[in-house]
>>> print(open('final-v2.txt').read())   # compact mmCIF, C-alpha atoms and all ligand atoms
# COMPACT_ATOMS: atom_id res chain seq x y z
CA MET U 94 11.56 -14.98 6.23
CA LEU U 95 9.48 -12.06 5.03
CA GLU U 96 10.84 -8.63 4.14
CA LEU U 97 8.85 -5.46 3.74
CA CYS U 98 10.07 -2.04 2.72
CA SER U 99 8.25 1.13 1.76
CA ILE U 100 10.03 3.11 -0.91
CA ALA U 101 7.51 5.95 -1.22
CA SER U 102 4.00 6.69 -0.03
CA GLY U 103 1.68 9.65 -0.59
CA SER U 104 -0.10 11.55 -3.32
CA LYS U 105 3.18 12.17 -5.18
CA GLY U 106 4.04 8.48 -5.58
CA ASN U 107 3.77 5.04 -4.03
CA ALA U 108 5.92 1.91 -4.10
CA TYR U 109 6.56 -0.97 -1.70
CA VAL U 110 8.65 -4.12 -1.87
CA VAL U 111 7.82 -7.47 -0.31
CA GLY U 112 10.42 -10.23 -0.29
CA ALA U 113 10.62 -13.91 0.64
CA GLU U 114 13.23 -16.56 -0.17
CA GLY U 115 15.15 -14.23 -2.47
CA SER U 116 12.07 -13.36 -4.54
CA TYR U 117 10.37 -9.99 -4.53
CA LEU U 118 7.12 -8.31 -5.43
CA LEU U 119 6.77 -4.65 -6.18
CA ILE U 120 3.50 -3.16 -4.99
CA ASP U 121 2.70 -0.06 -7.06
CA CYS U 122 5.12 1.83 -9.22
CA GLY U 123 4.30 5.50 -8.81
CA ILE U 124 7.77 7.01 -8.62
CA SER U 125 10.44 7.48 -11.27
CA ALA U 126 12.17 4.35 -12.52
CA ARG U 127 15.45 5.96 -11.60
CA ARG U 128 14.53 6.51 -7.97
CA LEU U 129 12.97 3.07 -7.73
CA SER U 130 16.01 1.33 -9.24
CA ARG U 131 18.31 3.18 -6.87
CA ALA U 132 16.24 2.19 -3.85
CA LEU U 133 16.13 -1.44 -4.98
CA GLY U 134 19.89 -1.34 -5.51
CA ARG U 135 20.44 -0.09 -1.97
CA MET U 136 18.26 -2.94 -0.70
CA GLY U 137 20.29 -5.43 -2.74
CA VAL U 138 17.24 -6.43 -4.79
CA ALA U 139 18.24 -7.52 -8.31
CA LEU U 140 15.68 -6.64 -10.95
CA GLU U 141 15.60 -10.28 -12.11
CA SER U 142 14.49 -11.36 -8.65
CA ILE U 143 11.28 -9.31 -8.94
CA GLU U 144 8.56 -11.82 -9.77
CA GLY U 145 5.66 -9.43 -10.24
CA ILE U 146 4.70 -5.78 -10.35
CA LEU U 147 1.33 -5.49 -8.62
CA VAL U 148 -0.67 -2.32 -9.07
CA THR U 149 -3.60 -1.36 -6.86
CA HIS U 150 -5.24 1.07 -9.32
CA GLU U 151 -4.51 3.32 -12.26
CA HIS U 152 -4.08 6.67 -10.49
CA ARG U 153 -0.90 8.39 -11.49
CA ASP U 154 0.70 8.22 -8.07
CA HIS U 155 0.63 4.40 -8.36
CA VAL U 156 1.65 3.82 -11.98
CA SER U 157 3.69 6.79 -13.24
CA GLY U 158 7.00 4.91 -13.16
CA LEU U 159 5.76 1.80 -14.96
CA GLU U 160 6.73 2.62 -18.51
CA ASN U 161 10.39 3.28 -17.80
CA PHE U 162 10.80 0.73 -15.03
CA ARG U 163 9.44 -2.07 -17.21
CA LYS U 164 12.05 -1.31 -19.86
CA LYS U 165 14.54 -2.64 -17.29
CA CYS U 166 12.48 -5.16 -15.34
CA PRO U 167 10.86 -8.12 -17.15
CA ALA U 168 8.42 -9.03 -14.35
CA PRO U 169 4.75 -9.29 -15.34
CA LEU U 170 2.44 -6.40 -14.56
CA CYS U 171 -0.51 -7.63 -12.48
CA GLY U 172 -3.67 -5.55 -12.18
CA THR U 173 -7.41 -5.89 -12.53
CA TYR U 174 -8.92 -5.46 -16.00
CA GLY U 175 -10.17 -2.02 -15.05
CA THR U 176 -6.76 -0.98 -13.75
CA LEU U 177 -4.85 -2.32 -16.76
CA ASP U 178 -7.34 -0.61 -19.06
CA GLY U 179 -6.85 2.69 -17.30
CA ILE U 180 -3.04 2.74 -17.52
CA SER U 181 -2.13 4.84 -20.53
CA ARG U 182 1.57 3.94 -20.64
CA PRO U 183 2.16 0.52 -19.09
CA GLY U 184 5.50 -0.01 -20.83
CA PRO U 185 6.74 -3.24 -22.44
CA GLY U 186 6.44 -6.78 -21.10
CA PRO U 187 3.81 -9.31 -20.08
CA THR U 188 0.62 -8.37 -18.27
CA HIS U 189 -1.46 -10.58 -16.05
CA ALA U 190 -5.10 -9.63 -15.46
CA ILE U 191 -6.26 -10.38 -11.94
CA GLU U 192 -9.65 -10.28 -10.26
CA ALA U 193 -10.64 -9.09 -6.83
CA GLY U 194 -11.45 -12.09 -4.68
CA ARG U 195 -9.44 -14.51 -6.81
CA GLU U 196 -6.13 -15.61 -5.33
CA PHE U 197 -3.13 -16.12 -7.58
CA ALA U 198 0.45 -17.36 -7.15
CA VAL U 199 3.64 -15.50 -8.07
CA GLY U 200 6.97 -17.09 -7.12
CA PRO U 201 6.77 -18.09 -3.45
CA PHE U 202 3.83 -15.73 -2.84
CA ARG U 203 0.11 -16.27 -2.84
CA VAL U 204 -1.64 -13.00 -3.50
CA HIS U 205 -5.22 -12.24 -2.59
CA PRO U 206 -6.46 -9.05 -4.26
CA PHE U 207 -9.50 -7.55 -2.53
CA SER U 208 -11.88 -4.80 -3.64
CA VAL U 209 -11.59 -1.39 -2.06
CA GLN U 210 -13.89 1.60 -2.43
CA HIS U 211 -12.01 4.33 -4.25
CA ASP U 212 -12.70 6.52 -7.26
CA ALA U 213 -10.82 4.36 -9.75
CA GLU U 214 -11.98 1.73 -12.28
CA ASP U 215 -11.52 -1.45 -10.26
CA PRO U 216 -9.18 -0.72 -7.36
CA VAL U 217 -7.85 -3.40 -5.02
CA GLY U 218 -5.76 -3.90 -1.94
CA PHE U 219 -3.45 -6.88 -1.59
CA ARG U 220 -2.95 -9.55 0.99
CA VAL U 221 0.36 -11.25 0.26
CA GLU U 222 1.00 -14.61 1.86
CA CYS U 223 4.20 -16.55 2.08
CA GLU U 224 5.62 -19.06 4.53
CA ALA U 225 6.50 -16.35 7.04
CA GLY U 226 2.92 -15.15 7.12
CA PRO U 227 0.69 -12.58 5.52
CA VAL U 228 1.25 -8.89 4.97
CA ALA U 229 -1.67 -6.69 3.89
CA PHE U 230 -1.86 -3.45 1.91
CA ALA U 231 -4.96 -1.28 2.25
CA THR U 232 -4.37 2.22 0.91
CA ASP U 233 -6.46 4.51 -1.29
CA LEU U 234 -9.87 3.64 0.06
CA GLY U 235 -12.75 5.76 1.24
CA ARG U 236 -14.05 3.36 3.83
CA VAL U 237 -13.29 0.02 5.35
CA ASP U 238 -15.97 -2.59 4.72
CA GLY U 239 -16.24 -6.26 5.61
CA THR U 240 -14.23 -7.33 2.56
CA VAL U 241 -11.30 -5.20 3.65
CA ARG U 242 -11.60 -6.26 7.29
CA ARG U 243 -11.52 -9.95 6.33
CA ALA U 244 -8.61 -9.44 3.95
CA ILE U 245 -6.39 -7.72 6.51
CA ALA U 246 -7.29 -10.00 9.42
CA GLY U 247 -4.40 -11.93 10.90
CA ALA U 248 -1.68 -10.03 9.01
CA ARG U 249 1.81 -9.94 10.52
CA ALA U 250 2.38 -6.54 8.97
CA LEU U 251 -0.32 -4.11 7.96
CA VAL U 252 0.11 -1.17 5.61
CA ILE U 253 -2.96 0.98 6.21
CA GLU U 254 -3.88 4.37 4.85
CA SER U 255 -4.02 7.25 7.34
CA ASN U 256 -4.55 10.05 4.85
CA HIS U 257 -5.92 13.07 6.65
CA GLU U 258 -7.05 14.59 9.89
CA GLU U 259 -10.66 15.49 9.15
CA GLU U 260 -10.60 18.87 10.88
CA MET U 261 -7.40 19.88 9.07
CA LEU U 262 -8.91 18.90 5.73
CA ARG U 263 -12.19 20.73 6.38
CA ALA U 264 -10.42 23.90 7.51
CA GLY U 265 -7.67 23.67 4.89
CA SER U 266 -7.17 25.38 1.55
CA TYR U 267 -8.36 22.61 -0.79
CA PRO U 268 -11.30 23.55 -3.03
CA TRP U 269 -14.60 22.20 -1.77
CA TYR U 270 -15.02 19.59 -4.56
CA LEU U 271 -11.67 18.08 -3.62
CA LYS U 272 -12.49 18.04 0.08
CA GLU U 273 -15.76 16.27 -0.74
CA ARG U 274 -13.97 13.74 -2.90
CA ILE U 275 -11.40 12.93 -0.22
CA LEU U 276 -14.05 12.69 2.52
CA SER U 277 -16.39 10.51 0.45
CA ASP U 278 -16.72 6.72 0.64
CA PHE U 279 -14.60 6.60 -2.52
CA GLY U 280 -11.86 8.91 -1.33
CA HIS U 281 -9.18 8.41 1.28
CA LEU U 282 -9.14 7.03 4.80
CA SER U 283 -8.96 9.56 7.64
CA ASN U 284 -6.81 9.11 10.72
CA ARG U 285 -9.94 8.35 12.68
CA ALA U 286 -11.14 5.67 10.25
CA SER U 287 -7.68 4.20 10.09
CA GLN U 288 -7.51 4.00 13.89
CA ALA U 289 -10.96 2.40 14.09
CA THR U 290 -9.77 -0.22 11.61
CA LEU U 291 -6.68 -0.82 13.66
CA ALA U 292 -8.74 -1.21 16.82
CA GLY U 293 -10.86 -3.81 15.07
CA SER U 294 -8.10 -5.75 13.39
CA ALA U 295 -5.06 -5.70 15.66
CA HIS U 296 -4.31 -9.12 17.10
CA GLU U 297 -1.58 -10.95 18.96
CA GLY U 298 0.34 -11.87 15.84
CA LEU U 299 0.45 -8.33 14.48
CA GLU U 300 4.04 -7.11 14.53
CA ALA U 301 4.14 -3.96 12.45
CA VAL U 302 1.74 -1.25 11.32
CA LEU U 303 2.78 1.15 8.60
CA LEU U 304 0.62 4.27 8.35
CA ALA U 305 0.54 5.15 4.67
CA HIS U 306 -0.49 7.73 2.07
CA LEU U 307 -0.41 10.64 4.54
CA SER U 308 -1.50 13.96 3.08
CA ALA U 309 1.29 16.54 3.16
CA GLU U 310 -1.29 19.30 3.58
CA ASN U 311 -4.02 17.78 5.75
CA ASN U 312 -2.12 15.60 8.17
CA ARG U 313 1.03 15.44 10.22
CA PRO U 314 2.99 12.30 11.00
CA GLU U 315 2.96 13.00 14.73
CA ILE U 316 -0.85 13.32 14.78
CA ALA U 317 -1.36 10.08 12.87
CA LEU U 318 1.20 8.27 14.99
CA ALA U 319 -0.18 9.52 18.31
CA GLY U 320 -3.70 8.39 17.45
CA ALA U 321 -2.61 4.95 16.27
CA ARG U 322 -0.38 4.53 19.31
CA ARG U 323 -3.30 5.36 21.60
CA VAL U 324 -5.38 2.64 19.98
CA LEU U 325 -2.63 0.06 20.25
CA ARG U 326 -1.95 0.98 23.88
CA ALA U 327 -5.61 0.88 24.82
CA ASN U 328 -5.73 -2.66 23.48
CA ARG U 329 -2.42 -3.69 25.09
CA TRP U 330 -0.66 -4.03 21.74
CA GLU U 331 2.07 -1.54 22.54
CA GLY U 332 4.71 -4.02 21.35
CA VAL U 333 3.62 -3.52 17.75
CA LYS U 334 6.13 -1.58 15.67
CA LEU U 335 4.41 1.56 14.42
CA LEU U 336 5.78 3.66 11.58
CA VAL U 337 4.72 6.38 9.21
CA VAL U 338 5.85 5.69 5.67
CA GLU U 339 7.23 8.72 3.95
CA GLN U 340 6.82 10.37 0.59
CA GLU U 341 10.43 11.15 -0.13
CA ALA U 342 12.47 8.72 1.93
CA GLU U 343 12.42 4.96 1.86
CA GLY U 344 11.77 3.21 5.13
CA GLU U 345 13.85 0.59 6.86
CA VAL U 346 13.62 -2.98 5.63
CA LEU U 347 11.41 -4.81 8.13
CA VAL U 348 12.28 -8.47 8.52
CA PHE U 349 9.90 -11.07 9.93
CA ARG U 350 11.32 -14.50 10.67
ZN ZN W 401 -2.81 7.23 -4.19
ZN ZN W 402 -5.93 6.71 -5.79
>>> encode(input="final-v2.txt", output="structure tokens", more="lines below")
Ligand SMILES: [Zn+2]
Ligand SMILES: [Zn+2]
Amino acid sequence: MLELCSIASGSKGNAYVVGAEGSYLLIDCGISARRLSRALGRMGVALESIEGILVTHEHRDHVSGLENFRKKCPAPLCGTYGTLDGISRPGPGPTHAIEAGREFAVGPFRVHPFSVQHDAEDPVGFRVECEAGPVAFATDLGRVDGTVRRAIAGARALVIESNHEEEMLRAGSYPWYLKERILSDFGHLSNRASQATLAGSAHEGLEAVLLAHLSAENNRPEIALAGARRVLRANRWEGVKLLVVEQEAEGEVLVFR
């Protein structure tokens, strides 16, 4: 059995939980330790059952809760050298340096970190495998290349960035340098790019797609959802569960048997 739950997603903070056989992984820790602990408590996840805290990159919205959360949770912090180097306050406890392209084991999970293009030191996405099948996380990336496509192929559940609607971003109030950064190959994935990825990677075994890291200013959940739904329908994958993961509210716990 595989469990997946989004606790927060967006530029104000990100955190996800993956579970199998009573063990859990935390993916990113960008919200307050208090909020995270509460959400884990509601899910019935004991802090001792967390086997690893995996971070994708050192941006604040992915690591801001680390210091306080690690005072309570002894799980090792896993990140690339560049990411670990860039975290100013990682908190106490063991760290485990990982490398993109090199699989490692944590509890019942095999984790494959893969390089993504984003303006951080050495950012990665994660493909997490367990007996119930793989789940893939690809957020905070400017474009989807072959490495990403291979890493997310065949996933039972896919968490994919759908950050902005290009026209909304271009016409919006952000300063030009920020618009350029977001639109660049090292920025964030647009709805259109996200949908193209979905069209290329959806498959018969795909059961859930979570649209992640939506911009509060340059996107709307209904726009992102409608586009993704169109792609799934056009490819006869309308049975796939499609969700937008939210900034402030945790999502339902998805269970794959
Ligand atoms: Zn982010
Ligand atoms: Zn980032």
>>> residues_around(input="final-v2.txt", residues="segment 251-254 of chain U", least_positions_apart="2", cutoff="8 Å", atoms="only C-alpha atoms", output="compact mmCIF listing (two decimals) with C-alpha atoms, in the coordinates of the input")
# COMPACT_ATOMS: atom_id res chain seq x y z
CA VAL U 228 1.25 -8.89 4.97
CA ALA U 229 -1.67 -6.69 3.89
CA PHE U 230 -1.86 -3.45 1.91
CA ALA U 231 -4.96 -1.28 2.25
CA THR U 232 -4.37 2.22 0.91
CA ASP U 233 -6.46 4.51 -1.29
CA LEU U 234 -9.87 3.64 0.06
CA ILE U 245 -6.39 -7.72 6.51
CA ALA U 248 -1.68 -10.03 9.01
CA ARG U 249 1.81 -9.94 10.52
CA ASN U 256 -4.55 10.05 4.85
CA HIS U 281 -9.18 8.41 1.28
CA LEU U 282 -9.14 7.03 4.80
CA SER U 283 -8.96 9.56 7.64
CA SER U 287 -7.68 4.20 10.09
CA LEU U 299 0.45 -8.33 14.48
CA ALA U 301 4.14 -3.96 12.45
CA VAL U 302 1.74 -1.25 11.32
CA LEU U 303 2.78 1.15 8.60
CA LEU U 304 0.62 4.27 8.35
CA ALA U 305 0.54 5.15 4.67
CA HIS U 306 -0.49 7.73 2.07
CA LEU U 307 -0.41 10.64 4.54
>>> atom_distance(input="final-v2.txt", atom1="atom CA of Ala132 of chain U", atom2="atom CA of Phe349 of chain U")
20.1 Å
>>> residues_near_ligand(input="final-v2.txt", ligand="ligand ZN 402 (chain W)", cutoff="7 Å", atoms="only C-alpha atoms and all ligand atoms", output="list in words")
His150, His152, His211, Asp212, Ala213 and Asp233 of chain U
>>> axis_aligned_box(input="final-v2.txt", around="segment 185-200 of chain U", padding_each_side="5 Å", output="AutoDock Vina command-line options")
--center_x -2.2 --center_y -10.3 --center_z -13.6 --size_x 28.4 --size_y 24.1 --size_z 27.8
>>> residues_around(input="final-v2.txt", residues="Arg195 of chain U", least_positions_apart="3", cutoff="8 Å", atoms="only C-alpha atoms", output="list in words")
Ile191, Glu192, His205 and Pro206 of chain U
>>> write_last_selection(input="final-v2.txt", atoms="C-alpha atoms", output="mmCIF file, in the frame of the given file")
data_model
loop_
_atom_site.group_PDB
_atom_site.id
_atom_site.type_symbol
_atom_site.label_atom_id
_atom_site.label_comp_id
_atom_site.auth_asym_id
_atom_site.auth_seq_id
_atom_site.Cartn_x
_atom_site.Cartn_y
_atom_site.Cartn_z
ATOM 1 C CA ILE U 191 -6.260 -10.380 -11.940
ATOM 2 C CA GLU U 192 -9.650 -10.280 -10.260
ATOM 3 C CA HIS U 205 -5.220 -12.240 -2.590
ATOM 4 C CA PRO U 206 -6.460 -9.050 -4.260
#
>>> atom_distance(input="final-v2.txt", atom1="atom CA of Lys165 of chain U", atom2="atom CA of Ser99 of chain U")
20.4 Å
>>> atom_distance(input="final-v2.txt", atom1="atom CA of Pro167 of chain U", atom2="atom CA of Glu144 of chain U")
8.6 Å
>>> closest_residue(input="final-v2.txt", among="U:Gly175, U:Gly218, U:Gly137, U:Gly320", to="Gly194 of chain U", atoms="all atoms listed in the file")
U:Gly218
>>> residues_around(input="final-v2.txt", residues="Trp330 of chain U", least_positions_apart="6", cutoff="10 Å", atoms="all atoms listed in the file", output="ChimeraX atom specification")
/U:292,295-300,322-324
>>> write_last_selection(input="final-v2.txt", atoms="C-alpha atoms", output="compact mmCIF listing (two decimals), in the frame of the given file")
# COMPACT_ATOMS: atom_id res chain seq x y z
CA ALA U 292 -8.74 -1.21 16.82
CA ALA U 295 -5.06 -5.70 15.66
CA HIS U 296 -4.31 -9.12 17.10
CA GLU U 297 -1.58 -10.95 18.96
CA GLY U 298 0.34 -11.87 15.84
CA LEU U 299 0.45 -8.33 14.48
CA GLU U 300 4.04 -7.11 14.53
CA ARG U 322 -0.38 4.53 19.31
CA ARG U 323 -3.30 5.36 21.60
CA VAL U 324 -5.38 2.64 19.98
>>> closest_residue(input="final-v2.txt", among="U:Arg326, U:His189, U:Arg131, U:His155", to="Tyr109 of chain U", atoms="only C-alpha atoms")
U:His155
>>> residues_near_point(input="final-v2.txt", point="(10.9, -9.3, -10.6)", cutoff="7 Å", atoms="all atoms listed in the file", output="PyMOL selection string")
chain U and resi 117-118+140-145+166-168
>>> decode(input="final-v2.txt", residues="segment 264-302 of chain U", atoms="N, CA and C atoms", output="PDB file, in the first residue's frame")
ATOM      1  N   ALA U 264       0.821  39.653 -18.271  1.00  0.00           N
ATOM      2  CA  ALA U 264      -0.007  40.856 -18.094  1.00  0.00           C
ATOM      3  C   ALA U 264      -0.074  41.305 -16.639  1.00  0.00           C
ATOM      4  N   GLY U 265       0.459  40.506 -15.741  1.00  0.00           N
ATOM      5  CA  GLY U 265       0.294  40.758 -14.306  1.00  0.00           C
ATOM      6  C   GLY U 265       1.222  41.836 -13.766  1.00  0.00           C
ATOM      7  N   SER U 266       1.205  41.974 -12.444  1.00  0.00           N
ATOM      8  CA  SER U 266       1.872  43.112 -11.798  1.00  0.00           C
ATOM      9  C   SER U 266       3.315  42.816 -11.370  1.00  0.00           C
ATOM     10  N   TYR U 267       3.815  41.611 -11.606  1.00  0.00           N
ATOM     11  CA  TYR U 267       5.182  41.321 -11.190  1.00  0.00           C
ATOM     12  C   TYR U 267       6.167  42.207 -11.947  1.00  0.00           C
ATOM     13  N   PRO U 268       7.283  42.604 -11.298  1.00  0.00           N
ATOM     14  CA  PRO U 268       8.305  43.351 -12.032  1.00  0.00           C
ATOM     15  C   PRO U 268       8.892  42.482 -13.145  1.00  0.00           C
ATOM     16  N   TRP U 269       9.400  43.135 -14.173  1.00  0.00           N
ATOM     17  CA  TRP U 269       9.826  42.407 -15.361  1.00  0.00           C
ATOM     18  C   TRP U 269      10.891  41.348 -15.059  1.00  0.00           C
ATOM     19  N   TYR U 270      11.864  41.692 -14.166  1.00  0.00           N
ATOM     20  CA  TYR U 270      12.940  40.725 -13.882  1.00  0.00           C
ATOM     21  C   TYR U 270      12.364  39.434 -13.300  1.00  0.00           C
ATOM     22  N   LEU U 271      11.312  39.570 -12.513  1.00  0.00           N
ATOM     23  CA  LEU U 271      10.703  38.392 -11.882  1.00  0.00           C
ATOM     24  C   LEU U 271       9.929  37.572 -12.917  1.00  0.00           C
ATOM     25  N   LYS U 272       9.231  38.288 -13.811  1.00  0.00           N
ATOM     26  CA  LYS U 272       8.529  37.586 -14.884  1.00  0.00           C
ATOM     27  C   LYS U 272       9.528  36.786 -15.718  1.00  0.00           C
ATOM     28  N   GLU U 273      10.656  37.436 -16.041  1.00  0.00           N
ATOM     29  CA  GLU U 273      11.680  36.757 -16.855  1.00  0.00           C
ATOM     30  C   GLU U 273      12.220  35.541 -16.154  1.00  0.00           C
ATOM     31  N   ARG U 274      12.435  35.673 -14.855  1.00  0.00           N
ATOM     32  CA  ARG U 274      12.964  34.555 -14.074  1.00  0.00           C
ATOM     33  C   ARG U 274      11.986  33.373 -14.096  1.00  0.00           C
ATOM     34  N   ILE U 275      10.717  33.675 -13.863  1.00  0.00           N
ATOM     35  CA  ILE U 275       9.717  32.605 -13.800  1.00  0.00           C
ATOM     36  C   ILE U 275       9.566  31.931 -15.157  1.00  0.00           C
ATOM     37  N   LEU U 276       9.615  32.748 -16.237  1.00  0.00           N
ATOM     38  CA  LEU U 276       9.406  32.208 -17.589  1.00  0.00           C
ATOM     39  C   LEU U 276      10.637  31.477 -18.130  1.00  0.00           C
ATOM     40  N   SER U 277      11.800  31.678 -17.490  1.00  0.00           N
ATOM     41  CA  SER U 277      13.036  31.127 -18.046  1.00  0.00           C
ATOM     42  C   SER U 277      13.085  29.604 -17.877  1.00  0.00           C
ATOM     43  N   ASP U 278      14.104  29.000 -18.497  1.00  0.00           N
ATOM     44  CA  ASP U 278      14.303  27.552 -18.385  1.00  0.00           C
ATOM     45  C   ASP U 278      14.654  27.136 -16.956  1.00  0.00           C
ATOM     46  N   PHE U 279      14.991  28.115 -16.117  1.00  0.00           N
ATOM     47  CA  PHE U 279      15.358  27.816 -14.735  1.00  0.00           C
ATOM     48  C   PHE U 279      14.342  28.385 -13.750  1.00  0.00           C
ATOM     49  N   GLY U 280      13.129  28.592 -14.253  1.00  0.00           N
ATOM     50  CA  GLY U 280      12.084  29.161 -13.410  1.00  0.00           C
ATOM     51  C   GLY U 280      11.060  28.129 -12.995  1.00  0.00           C
ATOM     52  N   HIS U 281       9.819  28.389 -13.413  1.00  0.00           N
ATOM     53  CA  HIS U 281       8.719  27.508 -13.008  1.00  0.00           C
ATOM     54  C   HIS U 281       7.914  27.061 -14.222  1.00  0.00           C
ATOM     55  N   LEU U 282       7.294  25.913 -14.086  1.00  0.00           N
ATOM     56  CA  LEU U 282       6.579  25.304 -15.212  1.00  0.00           C
ATOM     57  C   LEU U 282       5.189  25.935 -15.389  1.00  0.00           C
ATOM     58  N   SER U 283       4.911  26.358 -16.610  1.00  0.00           N
ATOM     59  CA  SER U 283       3.598  26.950 -16.915  1.00  0.00           C
ATOM     60  C   SER U 283       2.534  25.860 -17.013  1.00  0.00           C
ATOM     61  N   ASN U 284       1.286  26.283 -17.009  1.00  0.00           N
ATOM     62  CA  ASN U 284       0.193  25.327 -17.223  1.00  0.00           C
ATOM     63  C   ASN U 284       0.392  24.577 -18.528  1.00  0.00           C
ATOM     64  N   ARG U 285       0.772  25.350 -19.560  1.00  0.00           N
ATOM     65  CA  ARG U 285       0.914  24.724 -20.879  1.00  0.00           C
ATOM     66  C   ARG U 285       2.018  23.666 -20.878  1.00  0.00           C
ATOM     67  N   ALA U 286       3.161  23.990 -20.268  1.00  0.00           N
ATOM     68  CA  ALA U 286       4.270  23.036 -20.228  1.00  0.00           C
ATOM     69  C   ALA U 286       3.910  21.820 -19.374  1.00  0.00           C
ATOM     70  N   SER U 287       3.181  22.084 -18.320  1.00  0.00           N
ATOM     71  CA  SER U 287       2.752  21.002 -17.443  1.00  0.00           C
ATOM     72  C   SER U 287       1.825  20.045 -18.205  1.00  0.00           C
ATOM     73  N   GLN U 288       0.906  20.650 -18.978  1.00  0.00           N
ATOM     74  CA  GLN U 288      -0.046  19.823 -19.742  1.00  0.00           C
ATOM     75  C   GLN U 288       0.660  19.032 -20.847  1.00  0.00           C
ATOM     76  N   ALA U 289       1.666  19.652 -21.469  1.00  0.00           N
ATOM     77  CA  ALA U 289       2.413  18.933 -22.509  1.00  0.00           C
ATOM     78  C   ALA U 289       3.136  17.745 -21.886  1.00  0.00           C
ATOM     79  N   THR U 290       3.647  17.934 -20.684  1.00  0.00           N
ATOM     80  CA  THR U 290       4.335  16.846 -19.981  1.00  0.00           C
ATOM     81  C   THR U 290       3.360  15.714 -19.677  1.00  0.00           C
ATOM     82  N   LEU U 291       2.199  16.129 -19.227  1.00  0.00           N
ATOM     83  CA  LEU U 291       1.155  15.153 -18.907  1.00  0.00           C
ATOM     84  C   LEU U 291       0.768  14.356 -20.160  1.00  0.00           C
ATOM     85  N   ALA U 292       0.605  15.066 -21.260  1.00  0.00           N
ATOM     86  CA  ALA U 292       0.231  14.388 -22.508  1.00  0.00           C
ATOM     87  C   ALA U 292       1.285  13.366 -22.898  1.00  0.00           C
ATOM     88  N   GLY U 293       2.551  13.685 -22.614  1.00  0.00           N
ATOM     89  CA  GLY U 293       3.624  12.781 -22.998  1.00  0.00           C
ATOM     90  C   GLY U 293       3.897  11.673 -22.003  1.00  0.00           C
ATOM     91  N   SER U 294       3.390  11.821 -20.782  1.00  0.00           N
ATOM     92  CA  SER U 294       3.793  10.825 -19.787  1.00  0.00           C
ATOM     93  C   SER U 294       2.633  10.061 -19.160  1.00  0.00           C
ATOM     94  N   ALA U 295       1.408  10.457 -19.449  1.00  0.00           N
ATOM     95  CA  ALA U 295       0.281   9.700 -18.898  1.00  0.00           C
ATOM     96  C   ALA U 295       0.296   8.300 -19.506  1.00  0.00           C
ATOM     97  N   HIS U 296      -0.162   7.346 -18.754  1.00  0.00           N
ATOM     98  CA  HIS U 296      -0.131   5.949 -19.212  1.00  0.00           C
ATOM     99  C   HIS U 296      -1.226   5.195 -18.479  1.00  0.00           C
ATOM    100  N   GLU U 297      -1.435   3.965 -18.845  1.00  0.00           N
ATOM    101  CA  GLU U 297      -2.557   3.208 -18.284  1.00  0.00           C
ATOM    102  C   GLU U 297      -2.499   3.049 -16.771  1.00  0.00           C
ATOM    103  N   GLY U 298      -1.288   2.973 -16.234  1.00  0.00           N
ATOM    104  CA  GLY U 298      -1.158   2.744 -14.796  1.00  0.00           C
ATOM    105  C   GLY U 298      -1.192   4.015 -13.965  1.00  0.00           C
ATOM    106  N   LEU U 299      -1.340   5.148 -14.620  1.00  0.00           N
ATOM    107  CA  LEU U 299      -1.371   6.418 -13.879  1.00  0.00           C
ATOM    108  C   LEU U 299      -2.732   6.573 -13.206  1.00  0.00           C
ATOM    109  N   GLU U 300      -2.717   6.789 -11.887  1.00  0.00           N
ATOM    110  CA  GLU U 300      -3.986   6.855 -11.162  1.00  0.00           C
ATOM    111  C   GLU U 300      -4.301   8.233 -10.619  1.00  0.00           C
ATOM    112  N   ALA U 301      -3.263   9.016 -10.354  1.00  0.00           N
ATOM    113  CA  ALA U 301      -3.532  10.343  -9.784  1.00  0.00           C
ATOM    114  C   ALA U 301      -2.510  11.354 -10.268  1.00  0.00           C
ATOM    115  N   VAL U 302      -3.000  12.550 -10.564  1.00  0.00           N
ATOM    116  CA  VAL U 302      -2.128  13.665 -10.936  1.00  0.00           C
ATOM    117  C   VAL U 302      -2.433  14.811  -9.984  1.00  0.00           C
TER     118      VAL U 302
END
